[in-house]
$ cat upload-v9.txt   # compact mmCIF, C-alpha atoms
# COMPACT_ATOMS: atom_id res chain seq x y z
CA MET T 9 -27.19 7.19 16.99
CA HIS T 10 -24.83 10.02 17.85
CA HIS T 11 -21.05 10.13 17.96
CA HIS T 12 -19.12 8.87 20.93
CA GLY T 13 -18.60 12.33 22.44
CA GLY T 14 -22.33 12.40 23.04
CA GLY T 15 -24.56 15.21 21.86
CA MET T 16 -25.06 16.66 18.40
CA LEU T 17 -22.26 17.75 16.13
CA GLY T 18 -22.06 21.30 14.88
CA PRO T 19 -21.81 22.14 11.17
CA PHE T 20 -19.02 20.31 9.31
CA SER T 21 -16.04 22.61 8.76
CA LEU T 22 -12.28 22.33 8.50
CA ASP T 23 -12.00 23.51 12.08
CA SER T 24 -14.39 20.93 13.47
CA ALA T 25 -12.80 18.18 11.35
CA LEU T 26 -9.36 18.92 12.78
CA THR T 27 -10.22 18.60 16.45
CA TRP T 28 -8.47 15.81 18.38
CA SER T 29 -10.87 12.94 19.03
CA PRO T 30 -8.98 9.68 19.43
CA ASP T 31 -10.50 6.42 18.25
CA TRP T 32 -8.62 4.07 20.58
CA PRO T 33 -8.28 0.94 18.41
CA PHE T 34 -6.71 3.05 15.66
CA LEU T 35 -4.55 5.14 17.97
CA VAL T 36 -3.13 2.04 19.66
CA GLY T 37 -2.65 0.30 16.29
CA CYS T 38 -0.79 3.32 14.89
CA LEU T 39 1.46 3.62 17.94
CA VAL T 40 2.31 -0.08 17.69
CA ALA T 41 3.05 0.31 13.96
CA LEU T 42 5.42 3.21 14.69
CA GLY T 43 7.05 1.39 17.60
CA LEU T 44 7.72 -1.82 15.70
CA TYR T 45 9.08 0.03 12.67
CA GLY T 46 11.28 2.20 14.88
CA ALA T 47 12.60 -0.86 16.70
CA GLY T 48 13.46 -2.48 13.35
CA VAL T 49 15.34 0.60 12.16
CA VAL T 50 17.23 0.89 15.46
CA ARG T 51 18.26 -2.76 15.25
CA LEU T 52 19.62 -2.31 11.71
CA VAL T 53 21.51 0.87 12.60
CA ARG T 54 23.03 -0.74 15.72
CA ARG T 55 24.17 -3.62 13.53
CA GLY T 56 25.93 -1.13 11.27
CA ASP T 57 23.42 -1.49 8.42
CA ARG T 58 21.92 1.43 6.55
CA TRP T 59 18.19 2.03 6.20
CA PRO T 60 17.09 4.84 3.83
CA VAL T 61 15.76 7.87 5.73
CA GLY T 62 13.15 8.38 2.99
CA ARG T 63 11.54 5.05 3.84
CA THR T 64 11.25 5.93 7.52
CA VAL T 65 9.74 9.32 6.61
CA ALA T 66 7.23 7.66 4.24
CA TRP T 67 6.18 5.20 6.96
CA LEU T 68 5.81 8.00 9.51
CA LEU T 69 3.69 10.05 7.09
CA GLY T 70 1.59 6.99 6.26
CA VAL T 71 0.84 6.33 9.93
CA LEU T 72 0.11 10.03 10.48
CA THR T 73 -2.45 10.07 7.64
CA VAL T 74 -4.23 7.15 9.34
CA VAL T 75 -4.20 9.01 12.68
CA ALA T 76 -5.40 12.20 10.97
CA VAL T 77 -8.56 10.61 9.57
CA THR T 78 -9.38 8.22 12.45
CA CYS T 79 -8.45 10.21 15.56
CA SER T 80 -9.90 13.57 14.58
CA GLY T 81 -13.27 15.26 14.35
CA LEU T 82 -13.40 13.92 10.81
CA ASN T 83 -13.98 10.47 12.31
CA ASP T 84 -16.98 11.71 14.31
CA TYR T 85 -18.45 13.32 11.19
CA GLY T 86 -17.61 10.15 9.27
CA MET T 87 -20.26 8.45 11.38
CA VAL T 88 -22.98 10.88 10.32
CA LEU T 89 -21.98 12.55 7.05
CA PHE T 90 -21.38 10.79 3.75
CA SER T 91 -18.83 13.40 2.60
CA ALA T 92 -16.72 13.02 5.75
CA HIS T 93 -16.93 9.25 5.47
CA MET T 94 -15.75 9.36 1.83
CA MET T 95 -12.80 11.53 2.84
CA GLN T 96 -11.81 8.89 5.38
CA HIS T 97 -12.34 6.15 2.81
CA MET T 98 -10.19 7.86 0.16
CA VAL T 99 -7.27 8.61 2.46
CA LEU T 100 -7.29 5.13 4.01
CA SER T 101 -7.62 3.25 0.73
CA MET T 102 -5.46 5.39 -1.56
CA LEU T 103 -3.05 7.63 0.32
CA SER T 104 -2.06 5.83 3.53
CA PRO T 105 -1.31 2.51 1.75
CA ILE T 106 1.02 4.16 -0.79
CA LEU T 107 2.98 5.96 1.92
CA LEU T 108 3.12 2.86 4.14
CA LEU T 109 4.31 0.70 1.23
CA LEU T 110 7.00 3.25 0.33
CA GLY T 111 8.23 2.62 3.88
CA ALA T 112 9.03 -1.00 2.83
CA PRO T 113 7.85 -2.63 6.09
CA ILE T 114 8.22 -6.22 4.84
CA THR T 115 11.81 -5.59 3.72
CA LEU T 116 12.55 -4.02 7.09
CA ALA T 117 11.00 -6.96 8.96
CA LEU T 118 12.95 -9.52 6.91
CA ARG T 119 16.19 -7.66 7.59
CA ALA T 120 15.56 -6.87 11.26
CA LEU T 121 14.17 -10.22 12.44
CA ARG T 122 16.93 -12.65 13.31
CA PRO T 123 16.81 -16.03 11.61
CA ALA T 124 16.16 -18.93 14.00
CA GLY T 125 19.30 -21.00 14.48
CA ARG T 126 19.67 -24.49 13.01
CA GLY T 127 17.61 -27.10 14.80
CA ARG T 128 15.54 -24.40 16.52
CA PRO T 129 11.77 -24.08 15.91
CA ARG T 130 10.73 -21.56 13.26
CA GLY T 131 10.84 -18.02 14.53
CA PRO T 132 8.88 -14.93 13.41
CA ARG T 133 11.16 -14.42 10.39
CA GLU T 134 10.57 -17.96 9.10
CA LEU T 135 6.82 -17.58 9.62
CA LEU T 136 6.84 -14.31 7.66
CA VAL T 137 8.76 -15.91 4.78
CA ALA T 138 6.40 -18.90 4.80
CA LEU T 139 3.41 -16.54 4.77
CA LEU T 140 4.84 -14.56 1.82
CA HIS T 141 5.27 -17.82 -0.11
CA SER T 142 1.89 -19.27 0.91
CA ARG T 143 -0.83 -19.93 -1.63
CA TYR T 144 -3.18 -17.76 0.43
CA VAL T 145 -1.03 -14.64 0.03
CA ARG T 146 -0.39 -15.49 -3.62
CA VAL T 147 -4.15 -15.46 -4.23
CA ILE T 148 -5.11 -12.37 -2.21
CA SER T 149 -2.27 -10.27 -3.70
CA HIS T 150 -2.94 -11.31 -7.30
CA PRO T 151 -4.29 -8.51 -9.54
CA ALA T 152 -7.18 -10.78 -10.56
CA PHE T 153 -8.23 -10.62 -6.92
CA THR T 154 -7.11 -7.15 -5.80
CA ILE T 155 -8.57 -5.14 -8.70
CA PRO T 156 -12.11 -6.60 -8.41
CA LEU T 157 -11.86 -6.27 -4.61
CA PHE T 158 -10.82 -2.63 -4.95
CA ILE T 159 -13.78 -1.97 -7.26
CA ALA T 160 -16.27 -4.01 -5.18
CA SER T 161 -15.24 -2.05 -2.09
CA LEU T 162 -16.72 1.00 -3.79
CA TYR T 163 -19.73 -0.28 -5.70
CA GLY T 164 -20.67 -3.22 -3.49
CA LEU T 165 -20.62 -1.10 -0.38
CA TYR T 166 -22.42 2.08 -1.35
CA PHE T 167 -24.86 0.89 -4.00
CA THR T 168 -26.26 -1.86 -1.73
CA PRO T 169 -27.82 -1.74 1.77
CA LEU T 170 -24.56 -3.09 3.22
CA PHE T 171 -23.18 0.37 4.00
CA ASP T 172 -26.25 1.46 5.97
CA THR T 173 -26.15 -1.78 7.95
CA LEU T 174 -22.47 -1.41 8.86
CA MET T 175 -22.83 2.28 9.72
CA GLN T 176 -25.31 1.57 12.49
CA SER T 177 -22.57 0.43 14.86
CA ARG T 178 -19.12 1.59 15.85
CA ILE T 179 -17.80 -1.92 15.16
CA GLY T 180 -19.20 -1.76 11.62
CA HIS T 181 -17.59 1.64 11.12
CA LEU T 182 -14.28 0.37 12.49
CA ALA T 183 -14.40 -2.77 10.35
CA MET T 184 -14.95 -0.66 7.23
CA MET T 185 -12.00 1.59 7.98
CA VAL T 186 -9.71 -1.42 8.53
CA HIS T 187 -11.08 -2.98 5.33
CA PHE T 188 -10.33 0.17 3.28
CA LEU T 189 -6.76 0.25 4.54
CA ALA T 190 -6.24 -3.48 3.93
CA VAL T 191 -7.71 -3.36 0.41
CA GLY T 192 -5.53 -0.36 -0.44
CA LEU T 193 -2.41 -2.12 0.84
CA LEU T 194 -3.20 -5.27 -1.16
CA PHE T 195 -3.98 -3.30 -4.32
CA PHE T 196 -0.86 -1.13 -4.27
CA TRP T 197 1.59 -3.75 -2.92
CA PRO T 198 2.48 -5.36 -6.28
CA ILE T 199 2.05 -2.03 -8.11
CA MET T 200 4.52 -0.14 -5.91
CA GLY T 201 6.92 -3.08 -6.06
CA VAL T 202 8.95 -1.78 -3.13
CA ASP T 203 8.44 -4.79 -0.87
CA PRO T 204 8.94 -8.41 -1.91
CA GLY T 205 5.71 -10.27 -2.64
CA PRO T 206 4.49 -13.28 -4.59
CA HIS T 207 3.84 -11.17 -7.69
CA ARG T 208 6.58 -9.10 -9.25
CA PRO T 209 5.03 -7.65 -12.42
CA GLY T 210 7.24 -5.59 -14.73
CA HIS T 211 6.94 -1.80 -14.87
CA VAL T 212 4.53 -1.75 -17.81
CA MET T 213 2.25 -4.31 -16.17
CA ARG T 214 2.27 -2.33 -12.94
CA ILE T 215 1.22 0.85 -14.73
CA LEU T 216 -1.55 -1.12 -16.45
CA GLU T 217 -2.75 -2.52 -13.13
CA LEU T 218 -2.81 0.97 -11.70
CA PHE T 219 -4.91 2.24 -14.61
CA MET T 220 -7.25 -0.75 -14.51
CA GLY T 221 -8.55 0.23 -11.09
CA MET T 222 -8.71 3.98 -11.50
CA PRO T 223 -11.45 4.56 -14.14
CA PHE T 224 -13.89 2.59 -11.96
CA HIS T 225 -12.96 4.89 -9.17
CA ALA T 226 -13.51 8.06 -11.17
CA PHE T 227 -16.77 6.70 -12.57
CA PHE T 228 -17.97 5.94 -9.05
CA GLY T 229 -17.30 9.53 -7.98
CA VAL T 230 -19.18 10.86 -11.00
CA ALA T 231 -22.08 8.45 -10.38
CA VAL T 232 -22.39 9.72 -6.81
CA MET T 233 -22.22 13.35 -7.98
CA MET T 234 -24.90 12.80 -10.62
CA ALA T 235 -27.25 10.72 -8.44
CA THR T 236 -30.61 12.43 -8.05
CA SER T 237 -31.68 10.41 -5.02
CA GLN T 238 -29.88 9.61 -1.81
CA LEU T 239 -27.62 6.60 -2.09
CA VAL T 240 -27.13 6.11 1.61
CA THR T 241 -30.12 6.90 3.66
CA THR T 242 -30.54 5.49 7.11
CA PHE T 243 -27.34 6.43 8.84
CA ASN T 244 -27.26 10.17 8.28
CA MET T 245 -30.92 11.21 8.38
CA ALA T 246 -31.39 11.53 12.10
CA SER T 247 -27.92 12.42 13.22
CA ALA T 248 -26.51 14.75 10.57
CA PRO T 249 -25.59 18.20 11.91
CA PRO T 250 -28.66 20.48 11.90
CA GLY T 251 -29.13 22.41 8.67
CA THR T 252 -27.19 19.92 6.53
CA ASP T 253 -28.31 19.69 2.91
CA LEU T 254 -27.87 15.95 2.47
CA MET T 255 -27.97 16.04 -1.35
CA ALA T 256 -25.31 18.75 -1.43
CA ASP T 257 -23.29 16.68 1.00
CA GLN T 258 -23.61 13.65 -1.28
CA LYS T 259 -22.45 15.73 -4.27
CA MET T 260 -19.45 16.86 -2.24
CA ALA T 261 -18.68 13.21 -1.38
CA GLY T 262 -18.78 12.27 -5.07
CA GLY T 263 -16.67 15.24 -6.12
CA PHE T 264 -14.07 14.48 -3.50
CA THR T 265 -13.94 10.82 -4.55
CA TRP T 266 -13.56 11.74 -8.20
CA ALA T 267 -10.86 14.35 -7.63
CA PHE T 268 -8.94 12.38 -5.03
CA GLY T 269 -8.38 9.43 -7.34
CA GLU T 270 -5.97 11.52 -9.38
CA ILE T 271 -3.61 12.23 -6.49
CA PRO T 272 -2.44 8.70 -5.67
CA THR T 273 -2.30 7.85 -9.36
CA ALA T 274 0.14 10.70 -9.88
CA VAL T 275 2.23 9.76 -6.82
CA VAL T 276 2.45 6.12 -7.88
CA LEU T 277 3.32 7.01 -11.47
CA VAL T 278 6.16 9.26 -10.35
CA ALA T 279 7.48 6.52 -8.04
CA LEU T 280 7.24 3.92 -10.82
CA VAL T 281 9.02 6.11 -13.38
CA PHE T 282 11.83 6.69 -10.88
CA GLN T 283 12.16 2.96 -10.19
CA TRP T 284 12.05 2.23 -13.89
CA ALA T 285 14.78 4.76 -14.67
CA LYS T 286 16.91 3.32 -11.89
CA SER T 287 16.55 -0.25 -13.12
CA GLU T 288 17.28 0.84 -16.73
CA GLN T 289 20.40 2.59 -15.48
CA ARG T 290 21.49 -0.52 -13.60
CA GLN T 291 20.96 -2.59 -16.72
CA ALA T 292 22.96 -0.14 -18.85
CA THR T 293 25.83 -0.29 -16.36
CA ARG T 294 25.70 -4.08 -16.50
CA ILE T 295 25.83 -4.07 -20.32
CA ASP T 296 28.77 -1.63 -20.29
CA ARG T 297 30.62 -3.85 -17.87
CA ALA T 298 29.90 -6.87 -20.06
CA ALA T 299 31.27 -5.01 -23.09
CA ASP T 300 34.46 -4.18 -21.23
CA ARG T 301 34.80 -7.84 -20.37
CA ASP T 302 34.25 -8.91 -23.99
CA GLY T 303 37.52 -7.24 -24.92
CA ASP T 304 39.21 -9.41 -22.30
CA ALA T 305 37.21 -12.46 -23.30
CA GLU T 306 39.24 -13.06 -26.45
CA LEU T 307 42.46 -12.86 -24.48
CA ALA T 308 41.06 -15.19 -21.84
CA ALA T 309 39.96 -17.65 -24.52
CA TYR T 310 43.44 -17.57 -26.09
CA ASN T 311 45.04 -18.17 -22.68
CA ALA T 312 42.69 -21.06 -22.03
CA TYR T 313 43.61 -22.50 -25.42
CA LEU T 314 47.32 -22.29 -24.57
CA ALA T 315 46.70 -23.88 -21.18
CA SER T 316 44.79 -26.75 -22.79
CA LEU T 317 47.71 -27.34 -25.16
CA GLU T 318 50.11 -27.43 -22.25
CA LYS T 319 47.83 -29.85 -20.39
CA ARG T 320 47.61 -32.07 -23.43
CA GLY T 321 51.33 -32.03 -23.77
CA SER T 322 51.92 -32.90 -20.13
CA ARG T 323 49.17 -35.51 -19.79
CA PRO T 324 51.29 -38.57 -20.64
CA ALA T 325 53.89 -37.39 -18.17
CA GLN T 326 51.22 -37.23 -15.42
CA ALA T 327 49.89 -40.64 -16.40
CA GLY T 328 53.38 -42.11 -16.33
$ encode --input "upload-v9.txt" --output "structure tokens"
Amino acid sequence: MHHHGGGMLGPFSLDSALTWSPDWPFLVGCLVALGLYGAGVVRLVRRGDRWPVGRTVAWLLGVLTVVAVTCSGLNDYGMVLFSAHMMQHMVLSMLSPILLLLGAPITLALRALRPAGRGRPRGPRELLVALLHSRYVRVISHPAFTIPLFIASLYGLYFTPLFDTLMQSRIGHLAMMVHFLAVGLLFFWPIMGVDPGPHRPGHVMRILELFMGMPFHAFFGVAVMMATSQLVTTFNMASAPPGTDLMADQKMAGGFTWAFGEIPTAVVLVALVFQWAKSEQRQATRIDRAADRDGDAELAAYNAYLASLEKRGSRPAQAG
């Protein structure tokens, strides 16, 4: 099995990983994702609404990270080298989802899609709202589901023959990449808390959820680094670039996995602390406002008391 360009790949290097080599399903998917998001933003702006530039930038970067790992030489090496595959896996499951979620696509869709008029059949907006409220989405976005899924996507895939089976076909490779992205999006969706979803855990809970998944991730990387035998065997034996030390490559894959887990954790923590500070500030403002009102409350109560006296006095007159 060799990559779709035909012929053998040269040694794996930064240069060879950065060559343009489009994987059409991903390229088309990414262009559609950019187009739809852009159309949503344009519609809001035309309507006179604001949409934060930062969100658009985050979405653009998120889509670009997907393009970078699926439409480059890295994707070709990902078919034959464990280290290259792990790089794809890490970016798609831990970096792209965070950036895409910071782009708040669900919020944008809910604001950009027009509600169907009364008496009209349900439009896309109503279907999206129904989906967000469905039991199905409530289950698949629940931490009790996403955290085990996130962990199983590592251990269940690489420590069983499943990986070798999937790697023997382009469809299997494609399915894995889509799976990594989907699992990452599900895992980080409630944690990032940017977009509405069925689960809105508080800030402390979200930080806990984040840290519940990460040690498994680090441990997996260390386990791969320390392994004395080859974990994944069939797919890279025949087609790895000539002169590849497969054990060294496996160590590199483990090291990358272990180190990479820290990056998204840091990004998410910074985002969470910012959100937290903002919500605390909002709460403080609310309390201040309430205190200002309390001063007026006594006056208002006194006025109400006077009014009630007047009413009582004038009631017989009204009755007569």
$ closest_residue --input "upload-v9.txt" --among "T:Phe264, T:Phe171, T:Phe228, T:Phe153" --to "T:Pro198" --atoms "all atoms listed in the file"
T:Phe153
$ closest_residue --input "upload-v9.txt" --among "T:Ala235, T:Ile114, T:Val240, T:Ala308" --to "T:His93" --atoms "all atoms listed in the file"
T:Val240
$ atom_distance --input "upload-v9.txt" --atom1 "atom CA of T:Gly210" --atom2 "atom CA of T:His97"
28.8 Å
$ atom_distance --input "upload-v9.txt" --atom1 "atom CA of T:Leu182" --atom2 "atom CA of T:His141"
29.5 Å
$ closest_residue --input "upload-v9.txt" --among "T:Phe158, T:Trp197, T:Trp59, T:Tyr163" --to "T:Leu110" --atoms "only C-alpha atoms"
T:Trp197
$ residues_around --input "upload-v9.txt" --residues "T:Leu139" --least-positions-apart "5" --cutoff "12 Å" --atoms "only C-alpha atoms" --output "PyMOL selection string"
chain T and resi 114+132-134+144-149+204-206
$ closest_residue --input "upload-v9.txt" --among "T:Met185, T:Ile179, T:Ile215, T:Leu69" --to "T:Ala274" --atoms "only C-alpha atoms"
T:Ile215
$ residues_near_point --input "upload-v9.txt" --point "(-4.6, 3.3, -8.6)" --cutoff "8 Å" --atoms "all atoms listed in the file" --output "list in words"
Met102, Phe195, Phe196, Glu217, Leu218, Phe219, Met220, Gly221, Met222, Gly269, Pro272, Thr273 and Val276 of chain T
$ atom_distance --input "upload-v9.txt" --atom1 "atom CA of T:Arg119" --atom2 "atom CA of T:Glu288"
25.8 Å
$ closest_residue --input "upload-v9.txt" --among "T:Met98, T:Met184, T:Met87, T:Leu280" --to "T:Leu216" --atoms "all atoms listed in the file"
T:Leu280
$ closest_residue --input "upload-v9.txt" --among "T:Thr265, T:Thr27, T:Thr236, T:Thr73" --to "T:Pro105" --atoms "all atoms listed in the file"
T:Thr73
$ residues_around --input "upload-v9.txt" --residues "T:Ile159" --least-positions-apart "2" --cutoff "9 Å" --atoms "all atoms listed in the file" --output "ChimeraX atom specification"
/T:154-157,161-164,221-222,224-225
$ decode --input "upload-v9.txt" --residues "stretch 34-46 of chain T" --atoms "all heavy atoms" --output "PDB file, in the first residue's frame"
ATOM      1  N   PHE T  34     -11.534  16.290   2.556  1.00  0.00           N
ATOM      2  CA  PHE T  34     -11.247  17.287   3.595  1.00  0.00           C
ATOM      3  C   PHE T  34     -11.196  18.691   3.028  1.00  0.00           C
ATOM      4  O   PHE T  34     -11.694  19.634   3.632  1.00  0.00           O
ATOM      5  CB  PHE T  34      -9.920  16.971   4.288  1.00  0.00           C
ATOM      6  CG  PHE T  34     -10.080  15.965   5.379  1.00  0.00           C
ATOM      7  CD1 PHE T  34      -9.608  14.663   5.221  1.00  0.00           C
ATOM      8  CD2 PHE T  34     -10.714  16.295   6.567  1.00  0.00           C
ATOM      9  CE1 PHE T  34      -9.777  13.722   6.227  1.00  0.00           C
ATOM     10  CE2 PHE T  34     -10.889  15.370   7.571  1.00  0.00           C
ATOM     11  CZ  PHE T  34     -10.420  14.077   7.403  1.00  0.00           C
ATOM     12  N   LEU T  35     -10.588  18.832   1.846  1.00  0.00           N
ATOM     13  CA  LEU T  35     -10.470  20.160   1.250  1.00  0.00           C
ATOM     14  C   LEU T  35     -11.861  20.724   0.969  1.00  0.00           C
ATOM     15  O   LEU T  35     -12.166  21.867   1.312  1.00  0.00           O
ATOM     16  CB  LEU T  35      -9.645  20.092  -0.036  1.00  0.00           C
ATOM     17  CG  LEU T  35      -9.281  21.458  -0.615  1.00  0.00           C
ATOM     18  CD1 LEU T  35      -8.489  22.282   0.388  1.00  0.00           C
ATOM     19  CD2 LEU T  35      -8.497  21.309  -1.909  1.00  0.00           C
ATOM     20  N   VAL T  36     -12.722  19.899   0.378  1.00  0.00           N
ATOM     21  CA  VAL T  36     -14.092  20.344   0.075  1.00  0.00           C
ATOM     22  C   VAL T  36     -14.837  20.678   1.368  1.00  0.00           C
ATOM     23  O   VAL T  36     -15.482  21.723   1.487  1.00  0.00           O
ATOM     24  CB  VAL T  36     -14.845  19.261  -0.745  1.00  0.00           C
ATOM     25  CG1 VAL T  36     -16.326  19.607  -0.859  1.00  0.00           C
ATOM     26  CG2 VAL T  36     -14.213  19.116  -2.124  1.00  0.00           C
ATOM     27  N   GLY T  37     -14.717  19.782   2.373  1.00  0.00           N
ATOM     28  CA  GLY T  37     -15.367  20.013   3.664  1.00  0.00           C
ATOM     29  C   GLY T  37     -14.940  21.323   4.295  1.00  0.00           C
ATOM     30  O   GLY T  37     -15.759  22.081   4.820  1.00  0.00           O
ATOM     31  N   CYS T  38     -13.627  21.598   4.234  1.00  0.00           N
ATOM     32  CA  CYS T  38     -13.092  22.832   4.843  1.00  0.00           C
ATOM     33  C   CYS T  38     -13.581  24.075   4.102  1.00  0.00           C
ATOM     34  O   CYS T  38     -13.921  25.087   4.718  1.00  0.00           O
ATOM     35  CB  CYS T  38     -11.573  22.795   4.860  1.00  0.00           C
ATOM     36  SG  CYS T  38     -10.916  21.668   6.108  1.00  0.00           S
ATOM     37  N   LEU T  39     -13.617  23.987   2.771  1.00  0.00           N
ATOM     38  CA  LEU T  39     -14.102  25.132   1.986  1.00  0.00           C
ATOM     39  C   LEU T  39     -15.574  25.400   2.284  1.00  0.00           C
ATOM     40  O   LEU T  39     -15.989  26.554   2.413  1.00  0.00           O
ATOM     41  CB  LEU T  39     -13.878  24.887   0.488  1.00  0.00           C
ATOM     42  CG  LEU T  39     -12.406  24.936   0.042  1.00  0.00           C
ATOM     43  CD1 LEU T  39     -12.264  24.487  -1.408  1.00  0.00           C
ATOM     44  CD2 LEU T  39     -11.826  26.345   0.224  1.00  0.00           C
ATOM     45  N   VAL T  40     -16.359  24.333   2.414  1.00  0.00           N
ATOM     46  CA  VAL T  40     -17.776  24.488   2.752  1.00  0.00           C
ATOM     47  C   VAL T  40     -17.916  25.128   4.133  1.00  0.00           C
ATOM     48  O   VAL T  40     -18.719  26.049   4.336  1.00  0.00           O
ATOM     49  CB  VAL T  40     -18.508  23.120   2.703  1.00  0.00           C
ATOM     50  CG1 VAL T  40     -19.897  23.218   3.322  1.00  0.00           C
ATOM     51  CG2 VAL T  40     -18.606  22.628   1.255  1.00  0.00           C
ATOM     52  N   ALA T  41     -17.105  24.654   5.091  1.00  0.00           N
ATOM     53  CA  ALA T  41     -17.148  25.197   6.463  1.00  0.00           C
ATOM     54  C   ALA T  41     -16.834  26.691   6.473  1.00  0.00           C
ATOM     55  O   ALA T  41     -17.490  27.472   7.165  1.00  0.00           O
ATOM     56  CB  ALA T  41     -16.167  24.445   7.357  1.00  0.00           C
ATOM     57  N   LEU T  42     -15.834  27.091   5.679  1.00  0.00           N
ATOM     58  CA  LEU T  42     -15.480  28.515   5.594  1.00  0.00           C
ATOM     59  C   LEU T  42     -16.593  29.302   4.915  1.00  0.00           C
ATOM     60  O   LEU T  42     -16.954  30.389   5.368  1.00  0.00           O
ATOM     61  CB  LEU T  42     -14.185  28.695   4.803  1.00  0.00           C
ATOM     62  CG  LEU T  42     -12.876  28.446   5.544  1.00  0.00           C
ATOM     63  CD1 LEU T  42     -11.690  28.692   4.623  1.00  0.00           C
ATOM     64  CD2 LEU T  42     -12.752  29.335   6.778  1.00  0.00           C
ATOM     65  N   GLY T  43     -17.135  28.741   3.832  1.00  0.00           N
ATOM     66  CA  GLY T  43     -18.179  29.430   3.073  1.00  0.00           C
ATOM     67  C   GLY T  43     -19.433  29.676   3.896  1.00  0.00           C
ATOM     68  O   GLY T  43     -19.975  30.789   3.907  1.00  0.00           O
ATOM     69  N   LEU T  44     -19.879  28.635   4.595  1.00  0.00           N
ATOM     70  CA  LEU T  44     -21.099  28.762   5.406  1.00  0.00           C
ATOM     71  C   LEU T  44     -20.898  29.778   6.531  1.00  0.00           C
ATOM     72  O   LEU T  44     -21.774  30.611   6.800  1.00  0.00           O
ATOM     73  CB  LEU T  44     -21.491  27.410   6.000  1.00  0.00           C
ATOM     74  CG  LEU T  44     -22.039  26.365   5.025  1.00  0.00           C
ATOM     75  CD1 LEU T  44     -22.239  25.031   5.727  1.00  0.00           C
ATOM     76  CD2 LEU T  44     -23.354  26.841   4.409  1.00  0.00           C
ATOM     77  N   TYR T  45     -19.744  29.694   7.191  1.00  0.00           N
ATOM     78  CA  TYR T  45     -19.465  30.614   8.296  1.00  0.00           C
ATOM     79  C   TYR T  45     -19.428  32.054   7.772  1.00  0.00           C
ATOM     80  O   TYR T  45     -20.043  32.959   8.343  1.00  0.00           O
ATOM     81  CB  TYR T  45     -18.127  30.248   8.940  1.00  0.00           C
ATOM     82  CG  TYR T  45     -17.876  30.911  10.279  1.00  0.00           C
ATOM     83  CD1 TYR T  45     -18.212  30.262  11.459  1.00  0.00           C
ATOM     84  CD2 TYR T  45     -17.287  32.166  10.370  1.00  0.00           C
ATOM     85  CE1 TYR T  45     -17.981  30.840  12.693  1.00  0.00           C
ATOM     86  CE2 TYR T  45     -17.059  32.764  11.592  1.00  0.00           C
ATOM     87  CZ  TYR T  45     -17.404  32.094  12.759  1.00  0.00           C
ATOM     88  OH  TYR T  45     -17.176  32.673  13.984  1.00  0.00           O
ATOM     89  N   GLY T  46     -18.716  32.222   6.648  1.00  0.00           N
ATOM     90  CA  GLY T  46     -18.621  33.555   6.032  1.00  0.00           C
ATOM     91  C   GLY T  46     -19.986  34.104   5.667  1.00  0.00           C
ATOM     92  O   GLY T  46     -20.294  35.277   5.925  1.00  0.00           O
TER      93      GLY T  46
END
